[in-house]
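*Asks:* You'll find final.cif just under this line, and it carries mmCIF, C-alpha atoms.
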```cif
data_run
loop_
_atom_site.label_atom_id
_atom_site.label_comp_id
_atom_site.auth_asym_id
_atom_site.auth_seq_id
_atom_site.Cartn_x
_atom_site.Cartn_y
_atom_site.Cartn_z
CA MET L 1025 45.28 36.18 -18.14
CA GLY L 1026 42.37 34.76 -16.14
CA ILE L 1027 41.39 32.60 -19.13
CA LEU L 1028 44.94 31.31 -19.37
CA LEU L 1029 44.96 30.26 -15.71
CA ASN L 1030 42.20 27.72 -16.39
CA ARG L 1031 44.35 25.98 -18.97
CA SER L 1032 46.99 24.95 -16.42
CA SER L 1033 46.91 22.74 -13.33
CA ILE L 1034 49.53 24.86 -11.54
CA ASP L 1035 49.18 28.33 -10.04
CA GLY L 1036 52.68 29.61 -10.68
CA PHE L 1037 56.34 28.85 -11.29
CA ILE L 1038 59.60 28.82 -9.37
CA LEU L 1039 62.53 30.65 -10.96
CA LEU L 1040 65.75 28.83 -10.07
CA GLY L 1041 67.83 31.89 -10.91
CA ILE L 1042 71.35 32.22 -12.21
CA PHE L 1043 73.31 32.25 -8.93
CA SER L 1044 73.83 29.91 -6.00
CA PHE L 1045 75.20 31.08 -2.65
CA SER L 1046 78.84 30.12 -3.38
CA GLN L 1047 81.60 32.69 -2.92
CA THR L 1048 82.10 32.95 -6.68
CA ASP L 1049 78.41 33.55 -7.35
CA LEU L 1050 78.29 36.22 -4.65
CA VAL L 1051 81.05 38.05 -6.52
CA LEU L 1052 79.19 37.59 -9.83
CA PHE L 1053 76.00 38.91 -8.24
CA SER L 1054 77.91 42.02 -7.13
CA VAL L 1055 79.21 42.45 -10.69
CA VAL L 1056 75.65 42.20 -12.06
CA MET L 1057 74.48 44.87 -9.64
CA VAL L 1058 77.34 47.15 -10.73
CA VAL L 1059 76.36 46.56 -14.37
CA PHE L 1060 72.72 47.35 -13.51
CA THR L 1061 73.75 50.57 -11.71
CA VAL L 1062 75.97 51.70 -14.60
CA ALA L 1063 73.19 50.95 -17.13
CA LEU L 1064 70.63 52.77 -14.98
CA CYS L 1065 72.79 55.87 -14.47
CA GLY L 1066 74.08 55.97 -18.05
CA ASN L 1067 70.65 55.75 -19.65
CA VAL L 1068 69.00 58.19 -17.21
CA LEU L 1069 71.83 60.68 -17.75
CA LEU L 1070 71.56 60.37 -21.52
CA ILE L 1071 67.78 60.88 -21.48
CA PHE L 1072 68.22 63.94 -19.25
CA LEU L 1073 70.91 65.48 -21.51
CA ILE L 1074 68.90 64.93 -24.70
CA CYS L 1075 65.72 66.38 -23.15
CA THR L 1076 67.44 69.47 -21.71
CA ASP L 1077 70.05 70.44 -24.32
CA PRO L 1078 68.63 72.23 -27.42
CA GLN L 1079 71.62 71.13 -29.52
CA LEU L 1080 70.65 67.47 -29.09
CA ARG L 1081 67.38 67.77 -31.00
CA THR L 1082 68.43 65.99 -34.20
CA PRO L 1083 66.85 62.70 -35.40
CA MET L 1084 69.89 60.74 -34.21
CA TYR L 1085 69.39 61.91 -30.61
CA PHE L 1086 65.64 61.49 -30.92
CA PHE L 1087 66.25 57.77 -31.59
CA LEU L 1088 68.94 57.55 -28.91
CA ASN L 1089 66.51 59.00 -26.39
CA TRP L 1090 64.02 56.22 -27.14
CA LEU L 1091 66.78 53.58 -27.16
CA SER L 1092 67.85 54.67 -23.67
CA LEU L 1093 64.25 54.57 -22.45
CA MET L 1094 63.82 51.05 -23.87
CA ASP L 1095 67.09 49.88 -22.31
CA LEU L 1096 66.05 51.39 -18.99
CA MET L 1097 62.71 49.57 -19.08
CA LEU L 1098 64.27 46.33 -20.34
CA ILE L 1099 66.87 46.02 -17.60
CA SER L 1100 64.36 47.15 -14.96
CA THR L 1101 61.95 44.40 -16.06
CA ILE L 1102 64.52 41.68 -15.32
CA VAL L 1103 67.31 42.61 -12.90
CA PRO L 1104 65.43 43.99 -9.84
CA ARG L 1105 63.22 40.89 -9.74
CA MET L 1106 66.25 38.62 -10.14
CA ALA L 1107 68.10 40.47 -7.33
CA VAL L 1108 65.14 40.19 -4.94
CA ASP L 1109 64.77 36.47 -5.68
CA PHE L 1110 68.46 35.93 -4.94
CA LEU L 1111 68.42 37.92 -1.70
CA VAL L 1112 65.28 36.28 -0.27
CA GLY L 1113 66.43 32.82 -1.33
CA HIS L 1114 63.50 31.80 -3.56
CA GLY L 1115 61.98 32.91 -6.85
CA SER L 1116 58.29 32.07 -6.91
CA ILE L 1117 56.28 33.91 -9.55
CA SER L 1118 52.56 33.71 -10.27
CA PHE L 1119 51.18 32.45 -13.55
CA THR L 1120 49.91 35.94 -14.38
CA GLY L 1121 53.20 37.53 -13.28
CA CYS L 1122 55.12 35.21 -15.59
CA GLY L 1123 52.82 36.11 -18.48
CA LEU L 1124 53.26 39.83 -17.84
CA GLN L 1125 57.06 39.44 -17.67
CA ILE L 1126 57.04 37.64 -21.04
CA LEU L 1127 54.82 40.38 -22.49
CA PHE L 1128 56.92 43.31 -21.24
CA PHE L 1129 60.25 41.66 -22.06
CA LEU L 1130 59.38 40.61 -25.62
CA THR L 1131 57.66 43.92 -26.35
CA LEU L 1132 60.81 45.82 -25.37
CA LEU L 1133 63.07 43.33 -27.15
CA GLY L 1134 61.07 43.70 -30.36
CA ASP L 1135 60.99 47.49 -30.00
CA GLU L 1136 64.75 47.62 -29.74
CA CYS L 1137 65.29 45.27 -32.69
CA PHE L 1138 63.42 47.60 -35.05
CA LEU L 1139 64.68 50.82 -33.48
CA LEU L 1140 68.33 49.78 -33.97
CA ALA L 1141 67.56 49.15 -37.65
CA PHE L 1142 65.96 52.59 -38.02
CA MET L 1143 68.97 54.17 -36.27
CA ALA L 1144 71.36 52.49 -38.71
CA TYR L 1145 69.27 53.76 -41.64
CA ASP L 1146 69.32 57.26 -40.11
CA ARG L 1147 73.14 57.19 -40.00
CA TYR L 1148 73.28 55.92 -43.58
CA VAL L 1149 71.09 58.80 -44.84
CA ALA L 1150 73.08 61.35 -42.79
CA ILE L 1151 76.43 60.23 -44.26
CA SER L 1152 75.49 59.25 -47.81
CA ASN L 1153 72.94 61.98 -48.55
CA PRO L 1154 73.48 64.89 -46.11
CA LEU L 1155 71.76 67.49 -48.32
CA ARG L 1156 68.43 65.65 -48.24
CA TYR L 1157 68.82 64.38 -44.67
CA SER L 1158 66.44 66.83 -42.98
CA MET L 1159 63.76 66.12 -45.59
CA VAL L 1160 64.11 62.32 -45.55
CA MET L 1161 64.35 62.07 -41.75
CA SER L 1162 61.64 64.58 -40.90
CA ARG L 1163 60.03 64.75 -37.46
CA ARG L 1164 56.96 62.94 -38.78
CA VAL L 1165 59.06 60.12 -40.26
CA CYS L 1166 60.97 59.73 -36.99
CA TRP L 1167 57.76 59.46 -34.98
CA LEU L 1168 56.38 56.91 -37.46
CA MET L 1169 59.53 54.81 -37.08
CA VAL L 1170 59.36 54.87 -33.28
CA SER L 1171 55.63 54.14 -33.30
CA GLY L 1172 56.19 51.27 -35.71
CA SER L 1173 58.88 49.83 -33.42
CA TRP L 1174 56.52 49.89 -30.44
CA LEU L 1175 53.65 48.43 -32.47
CA PHE L 1176 55.65 45.50 -33.86
CA GLY L 1177 57.15 44.82 -30.43
CA LEU L 1178 53.77 44.89 -28.70
CA VAL L 1179 52.16 42.55 -31.25
CA ASP L 1180 55.07 40.09 -30.93
CA GLY L 1181 54.94 40.26 -27.11
CA LEU L 1182 51.18 39.69 -26.99
CA ILE L 1183 51.27 36.76 -29.42
CA GLN L 1184 54.09 34.96 -27.63
CA ALA L 1185 52.79 35.61 -24.11
CA ILE L 1186 49.29 34.36 -24.94
CA PHE L 1187 50.35 31.29 -26.93
CA THR L 1188 53.09 30.27 -24.48
CA LEU L 1189 50.72 30.25 -21.51
CA ARG L 1190 47.95 28.42 -23.39
CA PHE L 1191 49.93 25.19 -23.06
CA PRO L 1192 49.08 22.92 -20.11
CA PHE L 1193 51.76 22.84 -17.39
CA CYS L 1194 51.12 19.75 -15.31
CA GLY L 1195 54.60 18.67 -14.27
CA SER L 1196 57.47 20.53 -12.64
CA GLN L 1197 56.99 24.17 -11.66
CA GLU L 1198 60.72 24.95 -11.73
CA ILE L 1199 61.96 27.23 -14.53
CA ASP L 1200 65.72 26.83 -14.77
CA HIS L 1201 66.27 30.50 -15.60
CA PHE L 1202 66.41 33.89 -13.89
CA PHE L 1203 63.24 35.18 -15.59
CA CYS L 1204 60.27 33.86 -17.58
CA GLU L 1205 61.84 33.48 -21.00
CA VAL L 1206 59.75 31.62 -23.58
CA PRO L 1207 62.15 28.72 -24.39
CA ALA L 1208 62.67 28.02 -20.67
CA VAL L 1209 58.92 28.09 -19.95
CA LEU L 1210 58.13 25.80 -22.91
CA LYS L 1211 60.34 23.09 -21.43
CA LEU L 1212 57.70 22.65 -18.69
CA ALA L 1213 54.77 22.25 -21.09
CA CYS L 1214 53.23 18.77 -21.09
CA ALA L 1215 52.11 19.01 -24.73
CA ASP L 1216 53.71 19.06 -28.16
CA THR L 1217 55.19 22.53 -28.75
CA SER L 1218 56.84 21.84 -32.14
CA ILE L 1219 54.28 23.80 -34.21
CA TYR L 1220 54.54 26.78 -31.85
CA GLU L 1221 58.34 26.63 -32.00
CA THR L 1222 58.11 26.78 -35.80
CA MET L 1223 55.86 29.85 -35.47
CA ILE L 1224 58.44 31.48 -33.17
CA TYR L 1225 61.14 30.73 -35.76
CA VAL L 1226 59.09 32.43 -38.51
CA CYS L 1227 58.40 35.44 -36.23
CA CYS L 1228 62.12 35.75 -35.50
CA ILE L 1229 62.90 36.03 -39.20
CA LEU L 1230 60.78 39.18 -39.20
CA MET L 1231 61.78 40.48 -35.74
CA LEU L 1232 65.50 39.63 -35.78
CA LEU L 1233 66.94 38.71 -39.16
CA LEU L 1234 65.16 41.43 -41.17
CA PRO L 1235 66.27 44.33 -38.90
CA PHE L 1236 69.78 42.87 -38.62
CA SER L 1237 69.98 42.69 -42.43
CA VAL L 1238 68.96 46.37 -42.65
CA ILE L 1239 71.63 47.29 -40.09
CA SER L 1240 74.33 45.28 -41.87
CA ALA L 1241 73.43 46.75 -45.26
CA SER L 1242 73.33 50.31 -43.85
CA TYR L 1243 76.73 50.05 -42.21
CA LEU L 1244 78.20 48.38 -45.29
CA ARG L 1245 77.04 51.34 -47.40
CA ILE L 1246 78.38 53.74 -44.75
CA LEU L 1247 81.80 52.04 -44.89
CA MET L 1248 81.82 52.34 -48.68
CA VAL L 1249 81.21 56.09 -48.34
CA VAL L 1250 83.84 56.34 -45.58
CA LEU L 1251 86.49 54.58 -47.68
CA ARG L 1252 86.08 57.29 -50.34
CA MET L 1253 86.87 60.05 -47.82
CA SER L 1254 90.03 62.02 -48.56
CA SER L 1255 90.89 62.53 -44.90
CA ALA L 1256 92.72 59.58 -43.31
CA GLU L 1257 91.79 60.83 -39.85
CA GLY L 1258 88.11 61.05 -40.83
CA ARG L 1259 88.20 57.52 -42.24
CA GLN L 1260 89.82 56.15 -39.09
CA LYS L 1261 87.32 57.89 -36.81
CA ALA L 1262 84.29 56.79 -38.86
CA PHE L 1263 85.57 53.21 -39.06
CA ALA L 1264 86.14 53.07 -35.29
CA THR L 1265 82.60 54.39 -34.66
CA CYS L 1266 80.97 51.95 -37.11
CA SER L 1267 82.91 48.96 -35.79
CA SER L 1268 82.02 49.70 -32.16
CA HIS L 1269 78.34 50.06 -33.13
CA MET L 1270 78.41 46.76 -35.00
CA VAL L 1271 80.03 44.95 -32.05
CA VAL L 1272 77.19 46.01 -29.71
CA VAL L 1273 74.52 45.27 -32.34
CA SER L 1274 76.03 41.83 -33.01
CA LEU L 1275 76.04 41.01 -29.30
CA PHE L 1276 72.37 42.00 -29.01
CA TYR L 1277 71.07 40.28 -32.14
CA GLY L 1278 73.43 37.30 -31.88
CA ALA L 1279 72.27 36.50 -28.35
CA ALA L 1280 68.59 36.90 -29.30
CA ILE L 1281 69.00 34.72 -32.42
CA ILE L 1282 70.69 31.94 -30.41
CA THR L 1283 67.90 32.03 -27.81
CA TYR L 1284 64.86 32.21 -30.09
CA MET L 1285 65.97 30.59 -33.37
CA GLN L 1286 67.98 27.66 -32.05
CA PRO L 1287 65.94 24.41 -31.95
CA GLN L 1288 64.70 23.50 -28.46
CA ALA L 1289 66.69 20.25 -28.48
CA TYR L 1290 69.95 22.23 -28.59
CA HIS L 1291 69.12 24.48 -25.64
CA SER L 1292 70.91 24.03 -22.33
CA SER L 1293 69.92 25.94 -19.20
CA LYS L 1294 73.43 27.18 -18.50
CA GLN L 1295 73.91 28.44 -22.07
CA ASP L 1296 70.49 30.11 -22.11
CA LYS L 1297 71.22 32.03 -18.89
CA VAL L 1298 74.60 33.28 -20.10
CA VAL L 1299 73.29 34.26 -23.55
CA SER L 1300 70.24 36.00 -22.06
CA ALA L 1301 72.50 38.06 -19.81
CA PHE L 1302 73.97 39.75 -22.92
CA TYR L 1303 70.76 41.37 -24.13
CA THR L 1304 69.14 41.87 -20.72
CA MET L 1305 72.16 43.37 -18.90
CA ILE L 1306 75.28 43.89 -21.02
CA THR L 1307 73.87 45.73 -24.05
CA PRO L 1308 71.71 48.12 -21.94
CA MET L 1309 74.93 49.09 -20.17
CA LEU L 1310 77.02 49.38 -23.36
CA ASN L 1311 74.51 51.28 -25.53
CA PRO L 1312 74.79 54.69 -23.79
CA LEU L 1313 78.59 54.31 -23.60
CA ILE L 1314 79.09 53.29 -27.22
CA TYR L 1315 76.41 55.35 -28.96
CA SER L 1316 76.49 58.59 -27.03
CA LEU L 1317 78.83 59.20 -24.13
CA ARG L 1318 81.76 58.92 -26.56
CA ASN L 1319 80.07 61.50 -28.80
CA LYS L 1320 81.48 65.04 -28.75
CA GLU L 1321 78.05 66.69 -28.73
CA VAL L 1322 76.91 64.58 -25.76
CA THR L 1323 80.13 65.09 -23.81
CA GLY L 1324 79.85 68.81 -24.61
CA ALA L 1325 76.31 68.86 -23.19
CA LEU L 1326 77.57 67.03 -20.11
CA ARG L 1327 80.41 69.55 -19.61
CA LYS L 1328 77.91 72.38 -20.04
CA LEU L 1329 75.66 70.82 -17.39
CA LEU L 1330 78.51 70.25 -14.95
CA GLY L 1331 79.94 73.71 -15.67
CA SER L 1332 76.62 75.45 -15.03
CA ASN L 1333 76.19 73.56 -11.76
CA LEU L 1334 79.73 74.46 -10.72
CA TRP L 1335 79.09 78.12 -11.59
CA HIS L 1336 75.83 78.02 -9.63
CA ASP L 1337 77.63 76.57 -6.59
CA GLN L 1338 80.32 79.26 -6.81
CA GLU L 1339 77.68 81.99 -6.98
CA GLU L 1340 75.97 80.56 -3.89
CA ASP L 1341 79.30 80.51 -2.04
CA LYS L 1342 79.95 84.17 -2.98
CA SER L 1343 76.46 85.16 -1.79
CA ALA L 1344 77.05 83.35 1.48
CA ASP L 1345 80.39 85.16 1.97
CA VAL L 1346 78.81 88.56 1.29
CA SER L 1347 75.98 87.97 3.77
#
```
Could you take the file, read its structure, and then write that structure out as C-alpha cells?
*Replies:*
Amino acid sequence: MGILLNRSSIDGFILLGIFSFSQTDLVLFSVVMVVFTVALCGNVLLIFLICTDPQLRTPMYFFLNWLSLMDLMLISTIVPRMAVDFLVGHGSISFTGCGLQILFFLTLLGDECFLLAFMAYDRYVAISNPLRYSMVMSRRVCWLMVSGSWLFGLVDGLIQAIFTLRFPFCGSQEIDHFFCEVPAVLKLACADTSIYETMIYVCCILMLLLPFSVISASYLRILMVVLRMSSAEGRQKAFATCSSHMVVVSLFYGAAIITYMQPQAYHSSKQDKVVSAFYTMITPMLNPLIYSLRNKEVTGALRKLLGSNLWHDQEEDKSADVS
C-alpha cells in the first residue's frame, strides 16, 4: 500500500455515508442497526449449532457454516465503520484503510459468489443422485470447493484493490458512499478508467455470471426432479424451499451485477447506496433465516440446546433447594 500512496496527491478520502441527521434517516439508521444485530446473532448462532451438534456434520451444513462465517465477516467489514462515521458526524478514511476495505469486501464477496454456486450443486447432487451423494461430495471435495472459493475471492480482491488505487486522485476527496466501493472510488480518479472498467466487466463474468448460471441450472434440475415426485406435499415443500433460496440468491447476485457490470455513466450515488445495502446488510441477515433456521434439523438442534440448558438450570435449582 505504501507504493500506492505515492501515486496519489491526497492522503485519504471522506465517506459521505448513506444517512443525514433528519428524523427519517435516524429511523432508517435504527433499522440498519437492528438488521446488523439480527444478522450477527443469526450467523453466530448457526455457526455454534453446526460446530456443536454431531447431526449437523453433512456437506450441506459444512457449506452453511462457511457461508455464515463469510456473512459475519462481510457485514462486520462495512456496518460498524458506517455506524461510527454516522455517530461521530464525519467519515474520513485513510488511503491505506480504503484499500484494505476494498480488499476485504471484494474477497468476501467473491468467496460468497462461488460458495453459493457450490451449495446449489451440493443440493442438486443430494436430490438427483442420493445414492452416490456421499462419494461425490466427500470431505476432500468439500474442502477443495471452500478453498477454491477463498482463492478466487482473494485474487479478485487483490487485483481490484491494487488497480483501483493505482489511479491518481487529485480532485475531490469525497466518496459519495458509505464505504469504499470500487465504482464510487473510480469517480474521483483524474485519469481515464475505461480500460479498467472493461477489465472489471470481464472479471464479473467469471465472478458473478458463471456462478449464477451454475446456481440457476442446479435449481432448474432440482425442480425437474421435484416435479416427478409422487407426493404432492413433498413437491410443495421442495418448491417452497427452492423458491426462497432463489429469491435470496437473486437479491445477492442481482445487486452485485448492477453495481459492478453496469457502465459507469449509468451509476447514480443514491442507486449505488441502496443496491449495495442488499448484499452488505440484507442478504447476510436473510441467509441464516432462509437456509437454516427454517430447517428441521437446525431447529431440532436449537431445541436440544435450549432444552439442555433448561434442564441444567432446573438441576441447579434442585441442588440449591436441597442445600
*Asks:* How close does each residue of region 1080-1195 of chain L get to region 1202-1208 of chain L, giving the shortest atom pair and distance in Å to one decimal for every residue with an atom at most 12 Å away, counting only C-alpha atoms, sorted by chain and residue number, as CSV?
*Replies:*
```
residue,atom,partner,partner_atom,distance
L:Ile1099,CA,L:Phe1203,CA,11.6
L:Thr1101,CA,L:Phe1203,CA,9.3
L:Ile1102,CA,L:Phe1203,CA,6.6
L:Val1103,CA,L:Phe1202,CA,8.8
L:Pro1104,CA,L:Phe1203,CA,10.7
L:Arg1105,CA,L:Phe1203,CA,8.2
L:Met1106,CA,L:Phe1202,CA,6.0
L:Ala1107,CA,L:Phe1202,CA,9.4
L:Val1108,CA,L:Phe1202,CA,11.0
L:Asp1109,CA,L:Phe1202,CA,8.8
L:Phe1110,CA,L:Phe1202,CA,9.4
L:His1114,CA,L:Phe1202,CA,10.9
L:Gly1115,CA,L:Phe1202,CA,8.4
L:Ser1116,CA,L:Phe1203,CA,10.5
L:Ile1117,CA,L:Cys1204,CA,9.0
L:Ser1118,CA,L:Cys1204,CA,10.6
L:Phe1119,CA,L:Cys1204,CA,10.0
L:Thr1120,CA,L:Cys1204,CA,11.0
L:Gly1121,CA,L:Cys1204,CA,9.1
L:Cys1122,CA,L:Cys1204,CA,5.7
L:Gly1123,CA,L:Cys1204,CA,7.8
L:Leu1124,CA,L:Cys1204,CA,9.2
L:Gln1125,CA,L:Cys1204,CA,6.4
L:Ile1126,CA,L:Cys1204,CA,6.1
L:Leu1127,CA,L:Cys1204,CA,9.8
L:Phe1128,CA,L:Cys1204,CA,10.7
L:Phe1129,CA,L:Glu1205,CA,8.4
L:Leu1130,CA,L:Glu1205,CA,8.8
L:Leu1133,CA,L:Glu1205,CA,11.7
L:Gly1181,CA,L:Val1206,CA,10.5
L:Ile1183,CA,L:Val1206,CA,11.5
L:Gln1184,CA,L:Val1206,CA,7.7
L:Ala1185,CA,L:Val1206,CA,8.0
L:Ile1186,CA,L:Val1206,CA,10.9
L:Phe1187,CA,L:Val1206,CA,10.0
L:Thr1188,CA,L:Val1206,CA,6.9
L:Leu1189,CA,L:Val1206,CA,9.4
L:Phe1191,CA,L:Val1206,CA,11.7
```
*Asks:* What is the CA of Leu1175 (chain L)-CA of Ser1092 (chain L) distance in Å, reported with one decimal?
*Replies:* 17.8 Å
*Asks:* Neighbours of region 1298-1309 of chain L within 6 Å (all atoms listed in the file; same-chain residues fewer than 2 positions away dropped), as a PyMOL selection string?
*Replies:* chain L and resi 1063+1095+1099+1276+1279+1295-1296+1311
*Asks:* Given the choices L:Ala1213, L:Ala1141, L:Leu1326, L:Met1169, which gets closest to Phe1086 (chain L) if the distance is worked out from all atoms listed in the file?
*Replies:*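 Answer, going by the shortest atom-to-atom distance: L:Met1169.
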*Asks:* Decode the PyMOL selection byres ((chain L and resi 1240) around 10) for the given file into explicit residues and return them as a list in words.
*Replies:* Ala1141, Ala1144, Tyr1145, Leu1234, Pro1235, Phe1236, Ser1237, Val1238, Ile1239, Ala1241, Ser1242, Tyr1243, Leu1244, Arg1245, Ile1246, Met1270, Val1273 and Ser1274 of chain L
*Asks:* Give as an mmCIF file with C-alpha atoms, in the frame of the given file the residues that the PyMOL selection byres ((chain L and resi 1268) around 12) matches when applied to the coordinates above.
*Replies:*
```cif
data_model
loop_
_atom_site.group_PDB
_atom_site.id
_atom_site.type_symbol
_atom_site.label_atom_id
_atom_site.label_comp_id
_atom_site.auth_asym_id
_atom_site.auth_seq_id
_atom_site.Cartn_x
_atom_site.Cartn_y
_atom_site.Cartn_z
ATOM 1 C CA TYR L 1243 76.730 50.050 -42.210
ATOM 2 C CA LYS L 1261 87.320 57.890 -36.810
ATOM 3 C CA ALA L 1262 84.290 56.790 -38.860
ATOM 4 C CA PHE L 1263 85.570 53.210 -39.060
ATOM 5 C CA ALA L 1264 86.140 53.070 -35.290
ATOM 6 C CA THR L 1265 82.600 54.390 -34.660
ATOM 7 C CA CYS L 1266 80.970 51.950 -37.110
ATOM 8 C CA SER L 1267 82.910 48.960 -35.790
ATOM 9 C CA HIS L 1269 78.340 50.060 -33.130
ATOM 10 C CA MET L 1270 78.410 46.760 -35.000
ATOM 11 C CA VAL L 1271 80.030 44.950 -32.050
ATOM 12 C CA VAL L 1272 77.190 46.010 -29.710
ATOM 13 C CA VAL L 1273 74.520 45.270 -32.340
ATOM 14 C CA SER L 1274 76.030 41.830 -33.010
ATOM 15 C CA LEU L 1275 76.040 41.010 -29.300
ATOM 16 C CA LEU L 1310 77.020 49.380 -23.360
ATOM 17 C CA ASN L 1311 74.510 51.280 -25.530
ATOM 18 C CA LEU L 1313 78.590 54.310 -23.600
ATOM 19 C CA ILE L 1314 79.090 53.290 -27.220
ATOM 20 C CA TYR L 1315 76.410 55.350 -28.960
ATOM 21 C CA SER L 1316 76.490 58.590 -27.030
ATOM 22 C CA ARG L 1318 81.760 58.920 -26.560
#
```
*Asks:* I'd like the residues picked by the PyMOL selection byres ((chain L and resi 1068) around 12) written out as a PDB file with C-alpha atoms, in the coordinates of the input, using the chain letters and numbers from the file.
*Replies:*
```pdb
ATOM      1  CA  THR L1061      73.750  50.570 -11.710  1.00  0.00           C
ATOM      2  CA  VAL L1062      75.970  51.700 -14.600  1.00  0.00           C
ATOM      3  CA  ALA L1063      73.190  50.950 -17.130  1.00  0.00           C
ATOM      4  CA  LEU L1064      70.630  52.770 -14.980  1.00  0.00           C
ATOM      5  CA  CYS L1065      72.790  55.870 -14.470  1.00  0.00           C
ATOM      6  CA  GLY L1066      74.080  55.970 -18.050  1.00  0.00           C
ATOM      7  CA  ASN L1067      70.650  55.750 -19.650  1.00  0.00           C
ATOM      8  CA  LEU L1069      71.830  60.680 -17.750  1.00  0.00           C
ATOM      9  CA  LEU L1070      71.560  60.370 -21.520  1.00  0.00           C
ATOM     10  CA  ILE L1071      67.780  60.880 -21.480  1.00  0.00           C
ATOM     11  CA  PHE L1072      68.220  63.940 -19.250  1.00  0.00           C
ATOM     12  CA  LEU L1073      70.910  65.480 -21.510  1.00  0.00           C
ATOM     13  CA  ILE L1074      68.900  64.930 -24.700  1.00  0.00           C
ATOM     14  CA  CYS L1075      65.720  66.380 -23.150  1.00  0.00           C
ATOM     15  CA  LEU L1088      68.940  57.550 -28.910  1.00  0.00           C
ATOM     16  CA  ASN L1089      66.510  59.000 -26.390  1.00  0.00           C
ATOM     17  CA  TRP L1090      64.020  56.220 -27.140  1.00  0.00           C
ATOM     18  CA  LEU L1091      66.780  53.580 -27.160  1.00  0.00           C
ATOM     19  CA  SER L1092      67.850  54.670 -23.670  1.00  0.00           C
ATOM     20  CA  LEU L1093      64.250  54.570 -22.450  1.00  0.00           C
ATOM     21  CA  MET L1094      63.820  51.050 -23.870  1.00  0.00           C
ATOM     22  CA  ASP L1095      67.090  49.880 -22.310  1.00  0.00           C
ATOM     23  CA  LEU L1096      66.050  51.390 -18.990  1.00  0.00           C
ATOM     24  CA  MET L1097      62.710  49.570 -19.080  1.00  0.00           C
ATOM     25  CA  PRO L1308      71.710  48.120 -21.940  1.00  0.00           C
ATOM     26  CA  MET L1309      74.930  49.090 -20.170  1.00  0.00           C
ATOM     27  CA  PRO L1312      74.790  54.690 -23.790  1.00  0.00           C
TER      28      PRO L1312
END
```
*Asks:* What does the distance between CA of Val1056 (chain L) and CA of Leu1039 (chain L) come to in Å, to one decimal place?
*Replies:*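 The value is 17.5 Å.
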*Asks:* Nearest to Leu1210 (chain L): which of L:Phe1043, L:Phe1053, L:Tyr1284, L:Trp1167 is it, counting all atoms listed in the file?
*Replies:*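 Ranked by minimum distance to Leu1210 (chain L), first place goes to L:Tyr1284.
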*Asks:* So which residues touch Ser1152 (chain L) within 8 Å, counting all atoms listed in the file, skipping near sequence neighbours fewer than 2 positions away, as a PyMOL selection string?
*Replies:* chain L and resi 1148-1150+1154+1246+1249
*Asks:* If I take CA of Ile1042 (chain L) and CA of His1201 (chain L), how far is one from the other in Å, to one decimal?
*Replies:*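 Those two atoms sit 6.3 Å apart.
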*Asks:* For Gly1172 (chain L), which residue out of L:Val1058, L:Arg1190, L:Asp1146, L:Asp1135 is the nearest one, using only C-alpha atoms?
*Replies:* L:Asp1135
*Asks:* When you count all atoms listed in the file, which of these residues is closest to Glu1136 (chain L): L:Ile1281, L:Val1170, L:Ile1151, L:Met1057?
*Replies:*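 Checking each of L:Ile1281, L:Val1170, L:Ile1151, L:Met1057 against Glu1136 (chain L), counting all atoms listed in the file, the winner is L:Val1170.
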*Asks:* From the options L:Gln1079, L:Val1250, L:Leu1168, L:Ile1224, which residue's atoms come nearest to Thr1283 (chain L), counting all atoms listed in the file?
*Replies:*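 Result for the nearest residue to Thr1283 (chain L): L:Ile1224.
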*Asks:* Filtering to N, CA and C atoms, could region 1227-1238 of chain L of the supplied structure be written out as an mmCIF file, in the first residue's frame?
*Replies:*
```
data_model
loop_
_atom_site.group_PDB
_atom_site.id
_atom_site.type_symbol
_atom_site.label_atom_id
_atom_site.label_comp_id
_atom_site.auth_asym_id
_atom_site.auth_seq_id
_atom_site.Cartn_x
_atom_site.Cartn_y
_atom_site.Cartn_z
ATOM 1 N N CYS L 1227 -14.013 -9.593 -15.447
ATOM 2 C CA CYS L 1227 -13.875 -10.320 -14.174
ATOM 3 C C CYS L 1227 -15.241 -10.720 -13.626
ATOM 4 N N CYS L 1228 -16.215 -9.823 -13.788
ATOM 5 C CA CYS L 1228 -17.549 -10.087 -13.239
ATOM 6 C C CYS L 1228 -18.260 -11.215 -13.971
ATOM 7 N N ILE L 1229 -17.904 -11.421 -15.245
ATOM 8 C CA ILE L 1229 -18.474 -12.564 -15.965
ATOM 9 C C ILE L 1229 -18.056 -13.851 -15.276
ATOM 10 N N LEU L 1230 -16.791 -13.901 -14.856
ATOM 11 C CA LEU L 1230 -16.288 -15.075 -14.143
ATOM 12 C C LEU L 1230 -16.814 -15.150 -12.721
ATOM 13 N N MET L 1231 -16.805 -14.019 -12.002
ATOM 14 C CA MET L 1231 -17.119 -13.998 -10.566
ATOM 15 C C MET L 1231 -18.614 -13.975 -10.269
ATOM 16 N N LEU L 1232 -19.420 -13.458 -11.210
ATOM 17 C CA LEU L 1232 -20.852 -13.318 -10.945
ATOM 18 C C LEU L 1232 -21.718 -14.159 -11.877
ATOM 19 N N LEU L 1233 -21.553 -13.958 -13.174
ATOM 20 C CA LEU L 1233 -22.458 -14.633 -14.117
ATOM 21 C C LEU L 1233 -22.235 -16.141 -14.162
ATOM 22 N N LEU L 1234 -20.973 -16.575 -14.091
ATOM 23 C CA LEU L 1234 -20.698 -18.024 -14.129
ATOM 24 C C LEU L 1234 -21.286 -18.741 -12.909
ATOM 25 N N PRO L 1235 -21.016 -18.287 -11.677
ATOM 26 C CA PRO L 1235 -21.649 -18.937 -10.515
ATOM 27 C C PRO L 1235 -23.175 -18.859 -10.546
ATOM 28 N N PHE L 1236 -23.717 -17.710 -10.975
ATOM 29 C CA PHE L 1236 -25.178 -17.576 -11.019
ATOM 30 C C PHE L 1236 -25.776 -18.541 -12.040
ATOM 31 N N SER L 1237 -25.073 -18.777 -13.144
ATOM 32 C CA SER L 1237 -25.538 -19.752 -14.145
ATOM 33 C C SER L 1237 -25.545 -21.168 -13.562
ATOM 34 N N VAL L 1238 -24.505 -21.498 -12.779
ATOM 35 C CA VAL L 1238 -24.447 -22.814 -12.124
ATOM 36 C C VAL L 1238 -25.609 -22.975 -11.151
#
```
